[in-house]
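Accompanying notes for the structure given below.
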Amino acid sequence: MRQELYPKLTVRLYGEDRCFGPGIAALLERVAQYHSLRAAARSMDMAYSKAWTILRRAESNLGFRLLETTVGGRGGGSAALTQEGERLLAAYRAYCRALERYGREIFQDYFPPQDAEKPPSK
């Protein structure tokens, strides 16, 4: 018995190198939720140092900052998306939703349901 197939599209943005994709988008969404890169990384079971590395690489390739941070102290530090970071994340999510809709629309043209492949009965 054949399993029913479905599409799962993944979008990655490139400049000279890969600079933005689902991982950094999820990290930024968590930063917006927790107001902390450390808490965002922890919520994704990611090392804080890896989160910083991913963030720095993306910012370097994009040519602008994604986060504004304040150094911790008694109350701890904080992080927030820059305006450019917010715009990029919003545009990326909207683009992904549009591609998902289009992908579902055309999926049946290339991968028809099992019933459609059966010859008509006599």
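The way I read the labels, and the way they are meant: chains A, B, ... in the order of the structure tokens, residue 1 as the first residue of every chain, and ligand 1 as the first ligand shown, with later ones counted on from there.
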For range 51-65 of chain A, please output as a list in words all residues within 8 Å (counting only C-alpha atoms; exclusion window: fewer than 2 positions along the same chain).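 Selected residues are Gly15, Glu16, Asp17, Arg18, Cys19, Phe20, Ile24, Leu27, Leu37, Ala41, Met46, Ala47, Tyr48, Ser49, Leu67, Glu68, Thr82, Glu84 and Gly85 of chain A.
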Convert the current residue selection to file output with N, CA, C and O atoms, as a PDB file, in the first residue's frame.
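The file below, again-v4.pdb, is the result:
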```pdb
ATOM      1  N   GLY A  15      22.792  35.119  -0.488  1.00  0.00           N
ATOM      2  CA  GLY A  15      23.511  36.241  -1.084  1.00  0.00           C
ATOM      3  C   GLY A  15      24.671  35.569  -1.778  1.00  0.00           C
ATOM      4  O   GLY A  15      24.468  34.749  -2.675  1.00  0.00           O
ATOM      5  N   GLU A  16      25.866  35.810  -1.310  1.00  0.00           N
ATOM      6  CA  GLU A  16      27.011  35.027  -1.798  1.00  0.00           C
ATOM      7  C   GLU A  16      26.993  33.661  -1.147  1.00  0.00           C
ATOM      8  O   GLU A  16      27.417  32.681  -1.716  1.00  0.00           O
ATOM      9  N   ASP A  17      26.509  33.611   0.082  1.00  0.00           N
ATOM     10  CA  ASP A  17      26.371  32.369   0.836  1.00  0.00           C
ATOM     11  C   ASP A  17      24.942  32.296   1.364  1.00  0.00           C
ATOM     12  O   ASP A  17      24.208  33.273   1.318  1.00  0.00           O
ATOM     13  N   ARG A  18      24.597  31.153   1.909  1.00  0.00           N
ATOM     14  CA  ARG A  18      23.285  31.021   2.544  1.00  0.00           C
ATOM     15  C   ARG A  18      23.249  31.991   3.717  1.00  0.00           C
ATOM     16  O   ARG A  18      24.157  32.040   4.536  1.00  0.00           O
ATOM     17  N   CYS A  19      22.181  32.780   3.801  1.00  0.00           N
ATOM     18  CA  CYS A  19      22.153  33.778   4.866  1.00  0.00           C
ATOM     19  C   CYS A  19      20.884  33.754   5.711  1.00  0.00           C
ATOM     20  O   CYS A  19      20.875  34.319   6.794  1.00  0.00           O
ATOM     21  N   PHE A  20      19.823  33.119   5.257  1.00  0.00           N
ATOM     22  CA  PHE A  20      18.587  33.120   6.042  1.00  0.00           C
ATOM     23  C   PHE A  20      17.746  31.919   5.655  1.00  0.00           C
ATOM     24  O   PHE A  20      17.627  31.596   4.474  1.00  0.00           O
ATOM     25  N   ILE A  24      17.212  30.190  11.383  1.00  0.00           N
ATOM     26  CA  ILE A  24      17.411  31.548  11.891  1.00  0.00           C
ATOM     27  C   ILE A  24      16.058  32.240  12.082  1.00  0.00           C
ATOM     28  O   ILE A  24      15.869  33.004  13.020  1.00  0.00           O
ATOM     29  N   LEU A  27      14.757  31.011  15.342  1.00  0.00           N
ATOM     30  CA  LEU A  27      15.529  31.627  16.413  1.00  0.00           C
ATOM     31  C   LEU A  27      15.054  33.062  16.659  1.00  0.00           C
ATOM     32  O   LEU A  27      14.835  33.473  17.801  1.00  0.00           O
ATOM     33  N   LEU A  37      18.310  36.157  23.658  1.00  0.00           N
ATOM     34  CA  LEU A  37      18.916  35.176  22.761  1.00  0.00           C
ATOM     35  C   LEU A  37      19.216  33.889  23.520  1.00  0.00           C
ATOM     36  O   LEU A  37      19.024  32.793  22.992  1.00  0.00           O
ATOM     37  N   ALA A  41      17.685  30.348  22.441  1.00  0.00           N
ATOM     38  CA  ALA A  41      18.542  29.203  22.128  1.00  0.00           C
ATOM     39  C   ALA A  41      18.184  28.009  23.010  1.00  0.00           C
ATOM     40  O   ALA A  41      18.049  26.880  22.522  1.00  0.00           O
ATOM     41  N   MET A  46      19.569  24.554  21.794  1.00  0.00           N
ATOM     42  CA  MET A  46      20.742  25.014  21.050  1.00  0.00           C
ATOM     43  C   MET A  46      21.689  25.701  22.031  1.00  0.00           C
ATOM     44  O   MET A  46      21.240  26.412  22.931  1.00  0.00           O
ATOM     45  N   ALA A  47      22.974  25.494  21.830  1.00  0.00           N
ATOM     46  CA  ALA A  47      23.960  26.182  22.648  1.00  0.00           C
ATOM     47  C   ALA A  47      23.904  27.684  22.342  1.00  0.00           C
ATOM     48  O   ALA A  47      23.729  28.087  21.188  1.00  0.00           O
ATOM     49  N   TYR A  48      24.072  28.489  23.378  1.00  0.00           N
ATOM     50  CA  TYR A  48      24.064  29.936  23.235  1.00  0.00           C
ATOM     51  C   TYR A  48      25.152  30.371  22.257  1.00  0.00           C
ATOM     52  O   TYR A  48      24.919  31.234  21.411  1.00  0.00           O
ATOM     53  N   SER A  49      26.322  29.742  22.329  1.00  0.00           N
ATOM     54  CA  SER A  49      27.422  30.098  21.421  1.00  0.00           C
ATOM     55  C   SER A  49      27.055  29.794  19.972  1.00  0.00           C
ATOM     56  O   SER A  49      27.412  30.546  19.060  1.00  0.00           O
ATOM     57  N   LEU A  67      19.456  41.792  15.418  1.00  0.00           N
ATOM     58  CA  LEU A  67      19.115  41.961  16.827  1.00  0.00           C
ATOM     59  C   LEU A  67      19.815  43.167  17.424  1.00  0.00           C
ATOM     60  O   LEU A  67      20.936  43.488  17.041  1.00  0.00           O
ATOM     61  N   GLU A  68      19.126  43.770  18.385  1.00  0.00           N
ATOM     62  CA  GLU A  68      19.731  44.763  19.260  1.00  0.00           C
ATOM     63  C   GLU A  68      19.774  44.109  20.625  1.00  0.00           C
ATOM     64  O   GLU A  68      18.773  43.549  21.081  1.00  0.00           O
ATOM     65  N   THR A  82      15.753  44.089  15.382  1.00  0.00           N
ATOM     66  CA  THR A  82      15.851  45.423  14.796  1.00  0.00           C
ATOM     67  C   THR A  82      14.678  45.592  13.835  1.00  0.00           C
ATOM     68  O   THR A  82      13.990  44.626  13.491  1.00  0.00           O
ATOM     69  N   GLU A  84      14.954  46.174  10.709  1.00  0.00           N
ATOM     70  CA  GLU A  84      15.308  45.377   9.524  1.00  0.00           C
ATOM     71  C   GLU A  84      15.056  43.898   9.783  1.00  0.00           C
ATOM     72  O   GLU A  84      14.581  43.180   8.910  1.00  0.00           O
ATOM     73  N   GLY A  85      15.364  43.435  11.009  1.00  0.00           N
ATOM     74  CA  GLY A  85      15.115  42.045  11.374  1.00  0.00           C
ATOM     75  C   GLY A  85      13.640  41.712  11.358  1.00  0.00           C
ATOM     76  O   GLY A  85      13.234  40.652  10.864  1.00  0.00           O
TER      77      GLY A  85
END
```
Residues near range 101-109 of chain A, cut-off 8 Å, only C-alpha atoms, skip fewer than 3 positions along chain, as a list in words: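 My reading of the contact set: Tyr6, Pro7, Leu9, Arg97, Ala98, Pro112 and Pro113 of chain A.
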Using only C-alpha atoms, which of the listed residues (A:Val31, A:Leu66, A:Ala79, A:Leu89) sits closest to Ser43 in chain A?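 Closest to Ser43 in chain A of all the choices is A:Val31.
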For CA of Ala39 in chain A and CA of Leu88 in chain A, the interatomic separation in Å (one decimal): 21.5 Å
What is the CA of Tyr95 in chain A to CA of Thr69 in chain A distance in Å?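 Pair CA of Tyr95 in chain A / CA of Thr69 in chain A returns 27.2 Å.
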Would you work out the distance separating CA of Gly77 in chain A from CA of Ser36 in chain A, expressed in Å to one decimal?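 If I compute the distance from CA of Gly77 in chain A to CA of Ser36 in chain A, I get 7.2 Å.
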Per-residue DSSP, chain A, filtered to strand (DSSP E or B), as a ChimeraX atom specification: /A:13-14,18-20,67-70,78-81
Run DSSP on the backbone and give me the residues of range 2-120 of chain A it puts in alpha helix (DSSP H), as a PyMOL selection string. chain A and resi 22-34+37-43+48-62+83-110+114-117
